[in-house]
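Quick look at work-v7.txt (compact mmCIF, C-alpha atoms):
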# COMPACT_ATOMS: atom_id res chain seq x y z
CA MET A 1 -8.84 -16.23 17.57
CA PRO A 2 -7.95 -14.12 14.56
CA ARG A 3 -10.72 -13.72 12.03
CA LEU A 4 -10.49 -12.73 8.39
CA VAL A 5 -12.86 -9.94 7.42
CA GLU A 6 -13.52 -9.34 3.73
CA ILE A 7 -13.96 -5.65 3.05
CA ARG A 8 -13.45 -4.68 -0.60
CA LYS A 9 -13.90 -0.96 -0.39
CA SER A 10 -12.05 2.03 -1.72
CA VAL A 11 -9.51 3.45 0.67
CA MET A 12 -10.45 6.94 -0.52
CA GLU A 13 -14.18 6.42 -0.01
CA ALA A 14 -14.68 9.15 2.62
CA ASP A 15 -12.96 11.83 0.56
CA GLU A 16 -14.55 10.69 -2.70
CA GLU A 17 -17.95 11.06 -1.03
CA ILE A 18 -17.17 14.70 -0.15
CA ALA A 19 -15.96 15.29 -3.73
CA ARG A 20 -19.21 13.92 -5.17
CA ARG A 21 -21.21 16.16 -2.83
CA LEU A 22 -19.22 19.23 -3.92
CA ARG A 23 -19.71 18.35 -7.56
CA ASN A 24 -23.49 18.02 -7.08
CA MET A 25 -23.61 21.41 -5.37
CA LEU A 26 -21.62 23.08 -8.15
CA ASP A 27 -23.77 21.36 -10.80
CA ARG A 28 -26.89 22.83 -9.18
CA ARG A 29 -25.32 26.28 -9.19
CA GLY A 30 -24.01 25.91 -12.76
CA VAL A 31 -20.46 26.64 -11.62
CA LEU A 32 -17.51 25.10 -13.51
CA MET A 33 -14.55 23.96 -11.37
CA LEU A 34 -11.14 23.23 -12.90
CA ASN A 35 -8.22 21.47 -11.21
CA LEU A 36 -4.88 22.80 -12.55
CA ILE A 37 -2.05 20.31 -12.05
CA GLY A 38 1.64 20.77 -12.91
CA SER A 39 5.15 20.74 -11.47
CA PRO A 40 6.57 23.58 -9.38
CA GLY A 41 7.63 26.24 -11.86
CA SER A 42 5.49 24.98 -14.74
CA GLY A 43 3.76 28.36 -14.89
CA LYS A 44 0.39 27.64 -13.26
CA THR A 45 0.17 30.95 -11.38
CA THR A 46 1.32 33.03 -14.34
CA LEU A 47 -1.24 31.33 -16.60
CA LEU A 48 -3.92 32.09 -13.99
CA GLU A 49 -2.87 35.72 -13.61
CA ARG A 50 -3.13 36.17 -17.35
CA SER A 51 -6.49 34.31 -17.49
CA LEU A 52 -8.00 36.58 -14.86
CA ILE A 53 -7.47 39.78 -16.84
CA ASP A 54 -10.93 40.62 -18.12
CA PRO A 55 -12.25 37.12 -18.98
CA PRO A 56 -15.82 36.77 -20.27
CA PHE A 57 -16.89 34.98 -17.07
CA ARG A 58 -16.73 35.64 -13.32
CA SER A 59 -13.79 33.76 -11.82
CA ALA A 60 -12.63 32.75 -8.36
CA VAL A 61 -9.44 30.95 -7.34
CA ILE A 62 -8.47 28.38 -4.73
CA GLU A 63 -4.70 28.51 -4.25
CA GLY A 64 -3.08 25.33 -2.96
CA ASP A 65 0.43 25.79 -1.69
CA VAL A 66 2.76 23.98 0.65
CA GLU A 67 3.88 27.17 2.41
CA THR A 68 3.76 30.98 1.95
CA THR A 69 1.07 33.28 0.55
CA ARG A 70 3.11 34.39 -2.45
CA ASP A 71 0.78 32.94 -5.08
CA LEU A 72 -2.22 34.23 -3.11
CA ASP A 73 -0.80 37.76 -3.18
CA ARG A 74 -0.28 37.57 -6.94
CA ILE A 75 -3.86 36.43 -7.55
CA LYS A 76 -5.26 39.01 -5.08
CA ALA A 77 -3.63 41.73 -7.14
CA THR A 78 -5.92 40.80 -10.06
CA GLY A 79 -8.96 41.66 -7.91
CA VAL A 80 -10.51 38.20 -8.25
CA PRO A 81 -11.84 36.44 -5.08
CA VAL A 82 -9.21 33.98 -3.86
CA VAL A 83 -8.78 31.59 -0.91
CA GLN A 84 -5.48 30.08 0.13
CA ILE A 85 -5.00 26.53 1.39
CA ASN A 86 -1.59 25.85 2.93
CA THR A 87 -1.01 22.11 3.11
CA HIS A 88 2.07 22.45 5.37
CA GLY A 89 4.04 19.69 3.74
CA GLY A 90 1.12 17.89 2.10
CA CYS A 91 1.79 17.23 -1.57
CA HIS A 92 -1.78 17.57 -2.90
CA LEU A 93 -5.24 18.97 -2.14
CA GLU A 94 -8.11 16.84 -0.88
CA ALA A 95 -11.87 17.33 -1.20
CA ASN A 96 -12.34 18.14 2.50
CA LEU A 97 -9.95 21.10 2.09
CA ILE A 98 -11.82 22.30 -1.01
CA GLU A 99 -15.12 22.06 0.89
CA ARG A 100 -13.86 24.50 3.52
CA ALA A 101 -12.33 26.81 0.91
CA LEU A 102 -15.62 26.99 -1.02
CA GLU A 103 -17.38 28.26 2.10
CA ARG A 104 -15.13 31.30 1.99
CA LEU A 105 -15.73 32.12 -1.69
CA PRO A 106 -18.69 34.10 -3.05
CA GLU A 107 -21.44 31.95 -4.64
CA ASP A 108 -22.03 34.19 -7.66
CA VAL A 109 -19.11 33.04 -9.80
CA ASP A 110 -18.99 31.11 -13.06
CA VAL A 111 -15.60 29.41 -12.96
CA ILE A 112 -13.51 28.28 -10.00
CA PHE A 113 -9.85 27.62 -10.78
CA ILE A 114 -8.04 25.38 -8.31
CA GLU A 115 -4.28 25.72 -8.45
CA ASN A 116 -3.13 22.41 -7.02
CA VAL A 117 0.17 21.91 -5.18
CA GLY A 118 3.11 21.75 -7.61
CA ASN A 119 3.52 18.01 -8.23
CA LEU A 120 2.62 15.60 -11.05
CA VAL A 121 1.84 12.49 -9.00
CA CYS A 122 -0.43 12.91 -5.95
CA PRO A 123 -2.69 15.73 -7.20
CA ALA A 124 -3.80 13.42 -10.01
CA GLU A 125 -4.89 10.78 -7.46
CA PHE A 126 -7.39 12.81 -5.48
CA TYR A 127 -10.77 13.72 -6.94
CA LEU A 128 -11.84 17.15 -5.70
CA GLY A 129 -15.24 17.31 -7.36
CA GLU A 130 -13.82 19.22 -10.34
CA ASP A 131 -15.34 19.13 -13.83
CA HIS A 132 -11.95 18.84 -15.52
CA LYS A 133 -8.33 18.22 -14.67
CA VAL A 134 -5.88 20.34 -16.68
CA ALA A 135 -2.28 19.12 -17.05
CA ILE A 136 0.21 21.98 -17.26
CA CYS A 137 3.74 21.39 -18.47
CA SER A 138 6.39 23.86 -19.63
CA VAL A 139 8.80 23.42 -22.53
CA ALA A 140 11.64 23.87 -20.02
CA GLU A 141 10.70 20.59 -18.29
CA GLY A 142 11.41 18.49 -21.35
CA GLY A 143 9.24 16.38 -23.60
CA ASP A 144 9.31 13.16 -21.58
CA LYS A 145 6.80 14.10 -18.86
CA PRO A 146 3.59 12.51 -20.22
CA LEU A 147 4.95 8.95 -20.20
CA LYS A 148 6.63 9.44 -16.82
CA TYR A 149 3.35 10.62 -15.27
CA PRO A 150 0.76 8.70 -17.31
CA ASN A 151 -2.02 8.94 -14.74
CA LEU A 152 -2.27 12.74 -14.92
CA PHE A 153 -1.98 12.97 -18.69
CA HIS A 154 -4.48 10.14 -19.14
CA GLN A 155 -7.08 11.83 -16.93
CA ALA A 156 -6.64 15.42 -18.09
CA SER A 157 -9.33 16.99 -20.29
CA ALA A 158 -6.72 19.43 -21.58
CA VAL A 159 -2.93 19.55 -21.80
CA VAL A 160 -1.47 23.05 -21.73
CA LEU A 161 2.13 23.43 -22.85
CA THR A 162 3.46 26.66 -21.32
CA LYS A 163 6.45 28.97 -21.87
CA VAL A 164 6.45 28.27 -25.61
CA ASP A 165 8.35 31.54 -26.12
CA LEU A 166 11.36 29.60 -24.75
CA LYS A 167 11.25 26.96 -27.50
CA PRO A 168 14.26 28.39 -29.37
CA TYR A 169 16.40 28.23 -26.22
CA VAL A 170 15.64 24.84 -24.65
CA PRO A 171 15.91 21.30 -26.00
CA PHE A 172 12.22 20.40 -26.04
CA ASP A 173 11.20 17.39 -28.12
CA GLU A 174 7.76 18.38 -29.35
CA VAL A 175 7.23 15.25 -31.43
CA THR A 176 7.77 13.02 -28.40
CA PHE A 177 5.66 15.20 -26.12
CA TRP A 178 2.53 15.47 -28.29
CA GLY A 179 3.02 11.96 -29.66
CA ASP A 180 2.92 10.54 -26.15
CA VAL A 181 -0.08 12.68 -25.21
CA ASP A 182 -1.74 11.19 -28.31
CA LYS A 183 -1.22 7.65 -27.10
CA LEU A 184 -2.25 8.40 -23.51
CA ASN A 185 -5.19 10.64 -24.21
CA PRO A 186 -6.13 11.38 -27.83
CA LYS A 187 -9.32 13.16 -26.73
CA ALA A 188 -7.62 15.84 -24.60
CA ALA A 189 -7.67 19.44 -25.84
CA ARG A 190 -4.16 20.72 -26.61
CA LEU A 191 -2.89 24.21 -26.19
CA GLU A 192 0.44 25.94 -26.50
CA VAL A 193 0.71 29.19 -24.55
CA SER A 194 3.10 31.83 -23.42
CA ALA A 195 1.42 33.59 -20.52
CA ILE A 196 4.15 36.24 -20.50
CA LYS A 197 3.76 37.12 -24.20
CA GLY A 198 0.03 36.42 -24.33
CA GLU A 199 0.35 33.79 -27.06
CA GLY A 200 -2.43 31.18 -27.01
CA ILE A 201 -4.24 32.78 -24.05
CA SER A 202 -7.41 33.61 -25.97
CA LYS A 203 -7.67 29.97 -27.10
CA TRP A 204 -7.34 28.86 -23.47
CA ILE A 205 -10.05 31.32 -22.37
CA ASP A 206 -12.26 30.08 -25.24
CA LEU A 207 -11.76 26.49 -24.09
CA VAL A 208 -12.77 27.34 -20.50
CA GLY A 209 -15.73 29.40 -21.75
CA GLY A 210 -16.76 26.48 -23.98
CA TRP A 211 -16.65 24.06 -21.02
CA LEU A 212 -18.81 26.48 -19.00
CA CYS A 213 -21.40 26.79 -21.80
CA ALA A 214 -21.47 23.02 -22.33
CA LYS A 215 -22.02 22.46 -18.61
CA ARG A 216 -24.86 24.98 -18.43
CA GLU A 217 -26.52 23.59 -21.56
CA ARG A 218 -26.39 20.11 -20.05
CA GLY A 219 -27.85 21.41 -16.80
CA SER A 220 -30.71 23.43 -18.31
CA MET B 1 8.65 20.62 11.47
CA VAL B 2 6.53 18.82 8.97
CA GLY B 3 8.61 17.63 6.06
CA TRP B 4 7.66 16.88 2.48
CA LYS B 5 5.05 14.20 2.54
CA MET B 6 5.68 11.35 0.16
CA HIS B 7 3.01 10.15 -2.18
CA GLU B 8 2.60 6.80 -0.41
CA MET B 9 2.14 8.54 2.96
CA SER B 10 -1.01 10.30 1.73
CA LEU B 11 -2.46 6.99 0.65
CA VAL B 12 -1.48 5.36 3.96
CA GLU B 13 -3.19 8.17 5.88
CA ALA B 14 -6.43 7.52 4.00
CA LEU B 15 -5.99 3.78 4.68
CA MET B 16 -5.41 4.38 8.43
CA ASP B 17 -8.54 6.58 8.65
CA THR B 18 -10.58 3.80 7.07
CA LEU B 19 -9.08 1.07 9.27
CA LEU B 20 -9.46 2.95 12.56
CA GLU B 21 -13.04 3.92 11.76
CA MET B 22 -13.91 0.25 11.09
CA GLN B 23 -11.99 -0.86 14.15
CA ARG B 24 -14.05 1.49 16.37
CA ARG B 25 -17.35 0.52 14.82
CA GLN B 26 -16.80 -3.22 14.66
CA GLY B 27 -15.02 -3.67 17.97
CA TRP B 28 -11.79 -5.23 16.71
CA SER B 29 -9.25 -5.32 19.52
CA LYS B 30 -6.32 -5.79 17.18
CA VAL B 31 -5.55 -5.86 13.48
CA SER B 32 -2.87 -8.36 12.50
CA ARG B 33 -2.89 -8.27 8.68
CA VAL B 34 -4.14 -5.86 6.05
CA THR B 35 -4.49 -6.77 2.38
CA LEU B 36 -4.57 -3.98 -0.15
CA LYS B 37 -5.06 -4.06 -3.91
CA VAL B 38 -3.20 -1.27 -5.67
CA GLY B 39 -3.51 -0.52 -9.38
CA LYS B 40 -0.26 -0.09 -11.31
CA LEU B 41 -1.26 3.38 -12.47
CA ARG B 42 -1.18 4.56 -8.83
CA GLN B 43 2.64 4.53 -9.10
CA VAL B 44 3.02 3.14 -5.59
CA VAL B 45 6.36 1.71 -4.44
CA PRO B 46 5.32 -1.18 -2.14
CA GLU B 47 8.40 -0.93 0.13
CA VAL B 48 7.76 2.77 0.70
CA MET B 49 4.09 2.10 1.39
CA VAL B 50 4.97 -0.57 3.99
CA PHE B 51 7.47 1.79 5.63
CA CYS B 52 4.82 4.54 5.83
CA PHE B 53 2.25 2.08 7.17
CA GLU B 54 4.55 0.97 9.97
CA ALA B 55 5.18 4.60 10.94
CA ALA B 56 1.53 5.67 10.74
CA SER B 57 0.15 2.68 12.68
CA LYS B 58 2.41 3.11 15.74
CA GLY B 59 0.41 3.58 18.91
CA THR B 60 -2.88 2.43 17.31
CA PRO B 61 -4.69 -0.95 17.37
CA VAL B 62 -3.18 -1.51 13.93
CA GLU B 63 0.41 -1.35 15.21
CA GLY B 64 2.39 -4.45 14.28
CA ALA B 65 -0.01 -5.51 11.54
CA SER B 66 1.56 -6.65 8.30
CA LEU B 67 0.58 -4.87 5.10
CA GLU B 68 0.28 -7.03 2.03
CA ILE B 69 0.10 -5.22 -1.27
CA GLU B 70 -1.22 -6.95 -4.33
CA GLU B 71 -0.44 -5.00 -7.48
CA VAL B 72 -3.20 -4.97 -10.07
CA PRO B 73 -1.76 -4.79 -13.58
CA LEU B 74 -3.01 -2.33 -16.14
CA ALA B 75 -5.70 -3.45 -18.51
CA SER B 76 -7.28 -1.42 -21.28
CA ARG B 77 -10.02 -2.49 -23.67
CA CYS B 78 -10.98 -1.11 -27.05
CA THR B 79 -14.73 -0.67 -27.28
CA ARG B 80 -14.48 -0.70 -31.09
CA CYS B 81 -12.54 -3.92 -31.81
CA GLY B 82 -12.78 -5.54 -28.37
CA GLU B 83 -9.04 -6.20 -27.99
CA GLU B 84 -7.47 -5.95 -24.53
CA TRP B 85 -3.90 -4.99 -23.63
CA SER B 86 -1.67 -4.01 -20.70
CA ASP B 87 0.56 -1.07 -21.55
CA SER B 88 0.88 2.29 -19.82
CA GLU B 89 2.02 3.90 -23.07
CA SER B 90 -1.27 3.37 -24.90
CA LEU B 91 -3.89 4.23 -22.33
CA GLY B 92 -5.97 6.16 -24.82
CA LEU B 93 -5.30 4.67 -28.24
CA CYS B 94 -5.97 1.09 -29.31
CA PRO B 95 -2.68 -0.43 -30.55
CA PHE B 96 -4.66 -2.90 -32.69
CA CYS B 97 -7.14 -0.77 -34.64
CA GLY B 98 -6.08 2.80 -33.73
CA SER B 99 -9.44 3.72 -32.22
CA ALA B 100 -9.62 6.28 -29.40
CA ASP B 101 -12.68 4.57 -27.92
CA VAL B 102 -10.65 2.98 -25.19
CA GLU B 103 -11.52 2.27 -21.58
CA LEU B 104 -9.25 1.53 -18.67
CA ILE B 105 -10.68 -1.60 -17.08
CA GLN B 106 -8.14 -2.01 -14.28
CA GLY B 107 -5.03 -0.33 -12.90
CA MET B 108 -6.48 2.51 -10.79
CA GLU B 109 -7.55 0.38 -7.81
CA LEU B 110 -6.88 1.39 -4.25
CA LEU B 111 -8.96 -1.20 -2.49
CA LEU B 112 -8.92 -2.41 1.07
CA GLU B 113 -9.46 -6.07 0.29
CA SER B 114 -9.49 -7.75 3.71
CA VAL B 115 -8.16 -7.54 7.25
CA GLU B 116 -7.27 -10.20 9.75
CA VAL B 117 -8.52 -9.06 13.15
CA GLU B 118 -9.04 -10.15 16.71
CA LEU B 119 -12.41 -9.37 18.21
CA ASP B 120 -13.34 -8.23 21.70
CA GLY B 121 -15.34 -11.14 23.18
CA ALA B 122 -18.43 -9.04 23.85
CA GLU B 123 -18.56 -7.74 20.32
CA ILE B 124 -18.48 -11.02 18.42
CA GLY B 125 -21.30 -11.35 15.96
CA ARG B 126 -22.02 -7.64 15.86
CA ASN B 127 -21.42 -5.64 12.75

Encoded form using structure tokens:
Amino acid sequence: MPRLVEIRKSVMEADEEIARRLRNMLDRRGVLMLNLIGSPGSGKTTLLERSLIDPPFRSAVIEGDVETTRDLDRIKATGVPVVQINTHGGCHLEANLIERALERLPEDVDVIFIENVGNLVCPAEFYLGEDHKVAICSVAEGGDKPLKYPNLFHQASAVVLTKVDLKPYVPFDEVTFWGDVDKLNPKAARLEVSAIKGEGISKWIDLVGGWLCAKRERGS
Amino acid sequence: MVGWKMHEMSLVEALMDTLLEMQRRQGWSKVSRVTLKVGKLRQVVPEVMVFCFEAASKGTPVEGASLEIEEVPLASRCTRCGEEWSDSESLGLCPFCGSADVELIQGMELLLESVEVELDGAEIGRN
């Protein structure tokens, strides 16, 4: 005889539980963890490289990539501790992967940057225990991305528009882009950067430093 | 080789883990129907999700079960003026009073609602 069993529980419960545990651990240590999410080629690694040059806090990086260690090698060259996670086809990182990566990073850091797999959909779905999600989008991708991927832009604490040095050369509709971010998430911090030219980088570092201070003030 | 994993496949893998864990613990011999509630903001294509579910459940006690997906529409509420609306373009800004004190009240669900199962005789009544 078939029987109907009522369940009503989150499908992601197991992973969400790990994420909550990680967050508690990082809260105790006063470590800020950021989850950087953007398409392939949006400039996540270049932004990171630039952010790791002499910042006013101790950083570490978790590199999520489908294949290869190319991004890992670039981050290693900055001298900052870095751990690679290859998802081998997986389109996002999950908390259980972050848990293992954290075991291989030194504990005495202030900020952990997670570079998620290049993709605007799945990475926004999985909570990793991070303090903030950061949406990264380049002017070359066009101004229509926020409305096409509302979940990410709605959840992000900051939206970073990259490659702004290319504005004169690509048809990027700024009014649409920031207007849509406004409707989806008026509270998000907004930044325009060119990691290559250095434009806007100090504002980005100030934002991260501000998040770290706010977290430590809350915790103390 | 492993190919690019589609969005829905990741969600189905999490669903299969949950189902098989419950199946082991509760002694179901077979699962014949699974009902899932999926929020609209999850951007799930039901047909793709069903296709992934059929592939992922092969060779398990869930094989052959039907997957029913109930889409939960978006709903936002303004905590200032109390209005409610369903629109993915204004998730953060109240279209009635312009306030940014807005909360998403539904649309992000990924809930295993119920399953129809057959029990092993010896296990009936156990939880």

| query | Pick from B:Leu41, B:Glu68, B:Gly98, B:Met22: nearest to B:Phe53, with all atoms listed in the file counted? | reply |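 Looking at the shortest contact to B:Phe53, the residue is B:Glu68.
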
| request: Give as a ChimeraX atom specification each residue that has an atom at most 12 Å from (-8.0, 1.7, 7.6) in the file, counting only C-alpha atoms. | output: /A:7-14 /B:11-25,31,33-36,53,56-57,60-63,65,67,110-115

| said: Let me make sure I understand: among B:Met6, B:Val44, B:Gly27, B:Trp85, which one has the smallest atom-to-atom distance to B:Gln106 if we use only C-alpha atoms? | reply: B:Trp85

Contact table stretch 6-121 of chain B vs stretch 141-157 of chain A, cut-off 9 Å, shortest pair per residue, all atoms listed in the file, as a tab-separated table:
residue	atom	partner	partner_atom	distance
B:Leu41	CA	A:Asn151	CA	6.1
B:Arg42	CA	A:Asn151	CA	7.4
B:Gln43	CA	A:Asn151	CA	8.5
B:Ser88	CA	A:Pro150	CA	6.9
B:Glu89	CA	A:Leu147	CA	6.5
B:Leu91	CA	A:His154	CA	6.7
B:Gly92	CA	A:His154	CA	7.1
B:Met108	CA	A:Asn151	CA	8.8

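Nearest-residue note for B:Ser32: choosing from B:Arg77, B:Leu119, B:Ser86, B:Ser66, the minimum distance belongs to B:Ser66, counting all atoms listed in the file.
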
For the contact check between stretch 56-98 of chain A and stretch 205-215 of chain A, emit one row per residue of stretch 56-98 of chain A within 12 Å, containing the shortest atom pair and the distance in Å rounded to one decimal, counting all atoms listed in the file, chain then rising number order, as a Markdown table.
| residue | atom | partner | partner_atom | distance |
| --- | --- | --- | --- | --- |
| A:Pro56 | CA | A:Gly209 | CA | 7.5 |
| A:Phe57 | CA | A:Gly209 | CA | 7.4 |
| A:Arg58 | CA | A:Gly209 | CA | 10.5 |
| A:Ser59 | CA | A:Val208 | CA | 10.8 |

| Pairwise distance for atom CA of A:Thr45 and atom CA of A:Val121, rounded to one decimal in Å |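 That distance, rounded to one decimal, is 18.7 Å.
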
| Distance atom CA of A:Ile114-atom CA of A:Glu130, one decimal place? |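 The value is 8.7 Å.
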
| Selection near stretch 85-92 of chain A, 10 Å with only C-alpha atoms, sequence-local residues under 3 positions removed, as a PyMOL selection string | (chain A and resi 37+62-69+72+97-98+100-101+115-126) or (chain B and resi 1-7+9-10)

| Residue nearest A:Val160 among A:Val31, A:Val139, A:Val111, A:Leu128 (counting all atoms listed in the file) |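 Ranked by minimum distance to A:Val160, first place goes to A:Val139.
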
In the coordinates of the file, take the point (6.5, 33.7, -19.7) and a cut-off of 10 Å; then, counting only C-alpha atoms, name each qualifying protein, DNA or RNA residue as a PDB file with C-alpha atoms, in the frame of the given file.
ATOM      1  CA  GLY A  43       3.760  28.360 -14.890  1.00  0.00           C
ATOM      2  CA  THR A  46       1.320  33.030 -14.340  1.00  0.00           C
ATOM      3  CA  LEU A  47      -1.240  31.330 -16.600  1.00  0.00           C
ATOM      4  CA  SER A 138       6.390  23.860 -19.630  1.00  0.00           C
ATOM      5  CA  THR A 162       3.460  26.660 -21.320  1.00  0.00           C
ATOM      6  CA  LYS A 163       6.450  28.970 -21.870  1.00  0.00           C
ATOM      7  CA  VAL A 164       6.450  28.270 -25.610  1.00  0.00           C
ATOM      8  CA  ASP A 165       8.350  31.540 -26.120  1.00  0.00           C
ATOM      9  CA  LEU A 166      11.360  29.600 -24.750  1.00  0.00           C
ATOM     10  CA  VAL A 193       0.710  29.190 -24.550  1.00  0.00           C
ATOM     11  CA  SER A 194       3.100  31.830 -23.420  1.00  0.00           C
ATOM     12  CA  ALA A 195       1.420  33.590 -20.520  1.00  0.00           C
ATOM     13  CA  ILE A 196       4.150  36.240 -20.500  1.00  0.00           C
ATOM     14  CA  LYS A 197       3.760  37.120 -24.200  1.00  0.00           C
ATOM     15  CA  GLY A 198       0.030  36.420 -24.330  1.00  0.00           C
ATOM     16  CA  GLU A 199       0.350  33.790 -27.060  1.00  0.00           C
TER      17      GLU A 199
END
